[in-house]
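**Q** Got a structure for you, written out below as structure tokens; questions coming shortly.
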There are 4 protein chains.
Amino acid sequence: MPTEREAAAFEAGIKLGALYHQFVGSPVSAETAESLEVAMEESISLQPFVRSVSVEIDRQMLGRNVFGYGELAGKMLRAEVEIDRHGARVRARLEYDPQADYPLMSLLD
Amino acid sequence: MPTEREAAAFEAGIKLGALYHQFVGSPVSAETAESLEVAMEESISLQPFVRSVSVEIDRQMLGRNVFGYGELAGKMLRAEVEIDRHGARVRARLEYDPQADYPLMSLLD
Amino acid sequence: MPTEREAAAFEAGIKLGALYHQFVGSPVSAETAESLEVAMEESISLQPFVRSVSVEIDRQMLGRNVFGYGELAGKMLRAEVEIDRHGARVRARLEYDPQADYPLMSLLD
Amino acid sequence: MPTEREAAAFEAGIKLGALYHQFVGSPVSAETAESLEVAMEESISLQPFVRSVSVEIDRQMLGRNVFGYGELAGKMLRAEVEIDRHGARVRARLEYDPQADYPLMSLLD
């Protein structure tokens with residue numbers, strides 16, 4: 001049987017996978033990044049066992065295409081989730097890893 | 001060659017197709033619907049030739065699952081876009097059609 | 001520090017969250033369900049530490065709207081992933097729970 | 001009132017907007033690109049008034065990250081849709097425009 005901490009880690013993974021694949025591809029610019037961050041945080045906060053979610057979109061990485069906007073890519077995202085599942089708590093993070101050039105998800109602490 | 005109005009109608013379709021398929025599936029509740037509406041409006045407003053976008057999520061249709069939230073479905077959406085492409089203006093709407101039980105997109109005029 | 005099994009459980013969660021939120025909302029019918037299943041399996045199989053992925057779309061739950069097709073909903077999905085992360089193996093499943101009326105994700109033991 | 005050709009152009013836009021925003025972000029590699037192309041074609045073919053859909057993912061643009069795969073981006077897509085709405089036919093294309101560095105959607109003549 002999985003332990004409570006394993007189940008909590010599983011829940012943390014679900015949240016980051018959902019956050020990423022629901023919203024990547026959204027049109028975004030420096031002017032609209034904040035409303036997208038808020039919507040992402042509030043949306044994922046509804047999922048089971050979430051204690052907190054924070055999302056930041058890196059304005060530096062937000063390019064502007066010929067029409068003056070960009071598109072949300074995984075590499076622009078820094079997100080953290082805290083899970084509390086029946087008292088078992090875990091934290092996980094999505095963050096761009098520049099050496100691997102990859103948006104890495106990892107369990108903290 | 002397409003007319004300017006045909007090209008504007010094409011642009012209107014792109015915006016509604018994008019809005020729908022980018023955001024359907026997002027966790028949402030009565031408490032978070034507003035931030036999702038704002039993010040959807042601001043995101044799609046960035047696309048080329050958009051004059052305005054409005055999005056409303058029908059709170060009545062927003063069910064609550066066993067964990068107390070719902071998921072954005074096309075039928076809950078009422079959205080309007082106004083396109084201005086080189087002076088050719090069109091408006092289009094996404095709205096649930098109860099007789100067809102279908103989230104219908106149509107050009108207004 | 002997380003254990004290897006916790007990290008593997010986290011990876012399993014990522015895969016199911018990704019699968020769900022990437023593809024829910026796709027137009028689908030009984031005639032096209034198989035190609036969507038294959039694409040979902042092959043796509044998620046590429047992610048790190050995946051040993052296998054299987055996806056089934058429940059044809060019974062696939063409604064037909066007035067235009068003769070449906071839209072992929074979480075409740076129609078039965079998916080399993082096997083993760084092998086540095087030797088730690090976990091399996092997880094997404095499956096509709098009729099009592100809760102919810103597409104439940106859980107670690108298998 | 002919109003003309004039949006305007007309405008057909010609107011439908012073409014919906015299909016390309018849907019195709020793009022439903023599937024962008026999917027994990028993909030040279031080995032799995034074909035199943036994703038087939039699923040995208042079959043899925044969008046179900047939508048109203050579609051006569052045909054073709055989708056090609058540019059294998060050259062498909063990078064490999066540190067884990068050996070990539071992610072579907074708009075720039076990799078070349079897609080065409082043919083719409084027939086009550087006899088009014090239009091064709092539209094999504095194609096990367098290298099000068100604008102933008103995945104451009106346009107009505108064909």
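Chain labels run A, B, ... following the order of the structure tokens; each chain numbers its residues from 1, and ligands are numbered from 1 in the order shown.
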May I have the residues of chain A within 12 Å of chain D, counting only C-alpha atoms, written as a CSV table (one decimal) with C-alpha atoms, in the first residue's frame?

**A**
```
chain,number,residue,atom,x,y,z
A,17,GLY,CA,0.9,18.4,-14.6
A,18,ALA,CA,-2.6,19.9,-14.8
A,19,LEU,CA,-1.4,23.5,-14.4
A,20,TYR,CA,1.2,23.0,-17.2
A,21,HIS,CA,-0.9,21.3,-19.8
A,22,GLN,CA,-4.1,23.2,-19.2
A,23,PHE,CA,-2.6,26.7,-19.7
A,24,VAL,CA,0.5,26.3,-21.9
A,25,GLY,CA,-0.3,27.8,-25.3
A,26,SER,CA,-2.4,30.7,-23.9
A,27,PRO,CA,-1.7,34.0,-25.5
A,63,GLY,CA,8.8,37.4,-26.1
A,64,ARG,CA,6.7,39.6,-28.4
A,65,ASN,CA,5.8,38.2,-31.8
A,66,VAL,CA,5.1,40.4,-34.8
A,67,PHE,CA,1.6,41.1,-33.4
A,68,GLY,CA,3.1,42.2,-30.0
A,69,TYR,CA,2.3,39.3,-27.7
A,70,GLY,CA,3.7,35.9,-26.8
A,71,GLU,CA,2.4,32.5,-25.8
A,72,LEU,CA,2.7,30.8,-22.5
A,73,ALA,CA,5.5,28.2,-22.6
A,74,GLY,CA,6.5,25.8,-19.8
A,75,LYS,CA,9.9,27.5,-19.5
A,97,ASP,CA,16.4,24.5,-15.3
A,98,PRO,CA,18.8,26.5,-17.5
A,99,GLN,CA,21.5,23.8,-17.6
A,100,ALA,CA,19.1,21.2,-18.8
A,101,ASP,CA,17.0,23.8,-20.7
A,102,TYR,CA,13.9,22.1,-19.3
A,103,PRO,CA,11.0,23.1,-17.2
A,104,LEU,CA,11.7,20.8,-14.3
```

**Q** Can you pull out the residues contacting region 90-95 of chain B? Cut-off 6 Å, using only C-alpha atoms, and skip same-chain residues under 6 positions away; I want them as a VMD selection string.

**A** chain B and resid 78 to 83 103 to 108

**Q** Just write the chosen residues, C-alpha atoms, as a short mmCIF file (atom, residue, chain, number, x, y, z; two decimals), in the first residue's frame.

**A**
```
data_model
loop_
_atom_site.label_atom_id
_atom_site.label_comp_id
_atom_site.auth_asym_id
_atom_site.auth_seq_id
_atom_site.Cartn_x
_atom_site.Cartn_y
_atom_site.Cartn_z
CA ARG B 78 -21.10 32.88 -23.29
CA ALA B 79 -18.48 34.83 -25.19
CA GLU B 80 -18.45 37.58 -27.76
CA VAL B 81 -15.62 38.85 -29.92
CA GLU B 82 -15.47 41.94 -32.11
CA ILE B 83 -12.95 41.91 -34.93
CA PRO B 103 -22.35 25.35 -27.50
CA LEU B 104 -23.02 27.15 -30.75
CA MET B 105 -20.67 29.65 -32.37
CA SER B 106 -22.20 32.10 -34.83
CA LEU B 107 -21.49 35.32 -36.67
CA LEU B 108 -23.70 38.11 -35.55
#
```

**Q** Report, in Å to a single decimal, how far apart CA of Ala8 (chain D) and CA of Glu41 (chain B) are.

**A**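 For CA of Glu41 (chain B) relative to CA of Ala8 (chain D), the distance reads 24.7 Å.
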
**Q** Using DSSP on the backbone coordinates, identify the residues of chain C assigned to strand (DSSP E or B); present them as an NGL selection string.

**A** :C and (27-28 or 50-57 or 70-71 or 77-85 or 88-97 or 102-108)

**Q** May I ask for the distance between CA of Gln60 (chain C) and CA of Glu31 (chain C), given in Å to one decimal place?

**A**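 If I compute the distance from CA of Gln60 (chain C) to CA of Glu31 (chain C), I get 12.6 Å.
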
**Q** Out of chain C, which residues get helix (DSSP H, G or I) from DSSP, as a PyMOL selection string?

**A** chain C and resi 4-23+33-45+59-61+74-76

**Q** For a test of reading the model, state the distance in Å between CA of Val55 (chain D) and CA of Leu36 (chain D), rounded to one decimal.

**A**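 Interatomic distance, CA of Val55 (chain D) to CA of Leu36 (chain D): 9.1 Å.
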
**Q** So which residues touch Ala33 (chain D) within 8 Å, counting only C-alpha atoms, skipping near sequence neighbours fewer than 4 positions away, as a ChimeraX atom specification?

**A** /D:28-29,37,57,59

**Q** I need the residues from that last selection saved to file as a PDB file, in the first residue's frame (with N, CA and C atoms), if you can.

**A**
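Output file result_17.pdb follows:
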```pdb
ATOM      1  N   VAL D  28       5.849  15.356 -27.854  1.00  0.00           N
ATOM      2  CA  VAL D  28       5.920  14.764 -29.195  1.00  0.00           C
ATOM      3  C   VAL D  28       7.378  14.567 -29.586  1.00  0.00           C
ATOM      4  N   SER D  29       7.635  13.548 -30.386  1.00  0.00           N
ATOM      5  CA  SER D  29       8.976  13.293 -30.929  1.00  0.00           C
ATOM      6  C   SER D  29       8.806  12.839 -32.369  1.00  0.00           C
ATOM      7  N   GLU D  37      -0.505  13.556 -35.445  1.00  0.00           N
ATOM      8  CA  GLU D  37      -1.104  14.116 -36.662  1.00  0.00           C
ATOM      9  C   GLU D  37      -2.454  13.450 -36.971  1.00  0.00           C
ATOM     10  N   ILE D  57       3.308  17.802 -38.861  1.00  0.00           N
ATOM     11  CA  ILE D  57       4.218  18.348 -37.849  1.00  0.00           C
ATOM     12  C   ILE D  57       5.627  18.330 -38.449  1.00  0.00           C
ATOM     13  N   ARG D  59       9.147  17.759 -38.711  1.00  0.00           N
ATOM     14  CA  ARG D  59      10.137  16.983 -37.937  1.00  0.00           C
ATOM     15  C   ARG D  59      11.438  17.747 -37.729  1.00  0.00           C
TER      16      ARG D  59
END
```

**Q** I'd like the contact shell of region 2-5 of chain B - 7 Å cut-off, only C-alpha atoms, skipping same-chain residues fewer than 2 positions apart - returned as a list in words.

**A** Ala7, Ala8, Ala9 and Ala88 of chain B; Glu6, Leu107 and Asp109 of chain D

**Q** I want to know what sits within 9 Å of Val50 (chain D), based on only C-alpha atoms, with residues of the same chain fewer than 4 positions away left out; could you give that as an MDAnalysis selection string?

**A** chainID D and resid 11:12 15 44:46 81:85

**Q** Please produce an output containing C-alpha atoms for each residue in the selection, written as a tab-separated table (two decimals), in the first residue's frame.

**A**
```
chain	number	residue	atom	x	y	z
D	11	GLU	CA	-16.13	27.98	-39.54
D	12	ALA	CA	-12.64	27.58	-41.00
D	15	LYS	CA	-11.30	24.72	-36.77
D	44	ILE	CA	-11.08	18.19	-36.01
D	45	SER	CA	-12.77	16.36	-38.89
D	46	LEU	CA	-15.72	15.73	-36.60
D	81	VAL	CA	-8.98	22.70	-43.56
D	82	GLU	CA	-11.66	22.66	-46.22
D	83	ILE	CA	-15.10	23.81	-45.19
D	84	ASP	CA	-18.33	23.24	-47.05
D	85	ARG	CA	-21.22	25.11	-45.46
```

**Q** At a cut-off of 7 Å, using only C-alpha atoms, what residues contact Asp58 (chain D)? Leave out same-chain residues fewer than 4 positions from it and give the result as a tab-separated table (two decimals) with N, CA and C atoms, in the first residue's frame.

**A**
```tsv
chain	number	residue	atom	x	y	z
D	62	LEU	N	11.24	19.85	-34.64
D	62	LEU	CA	11.00	19.10	-33.41
D	62	LEU	C	12.30	18.92	-32.64
D	76	MET	N	5.53	24.50	-35.48
D	76	MET	CA	5.82	23.20	-36.13
D	76	MET	C	4.67	22.72	-37.00
D	77	LEU	N	3.55	23.43	-36.94
D	77	LEU	CA	2.34	22.89	-37.57
D	77	LEU	C	2.10	23.46	-38.96
```
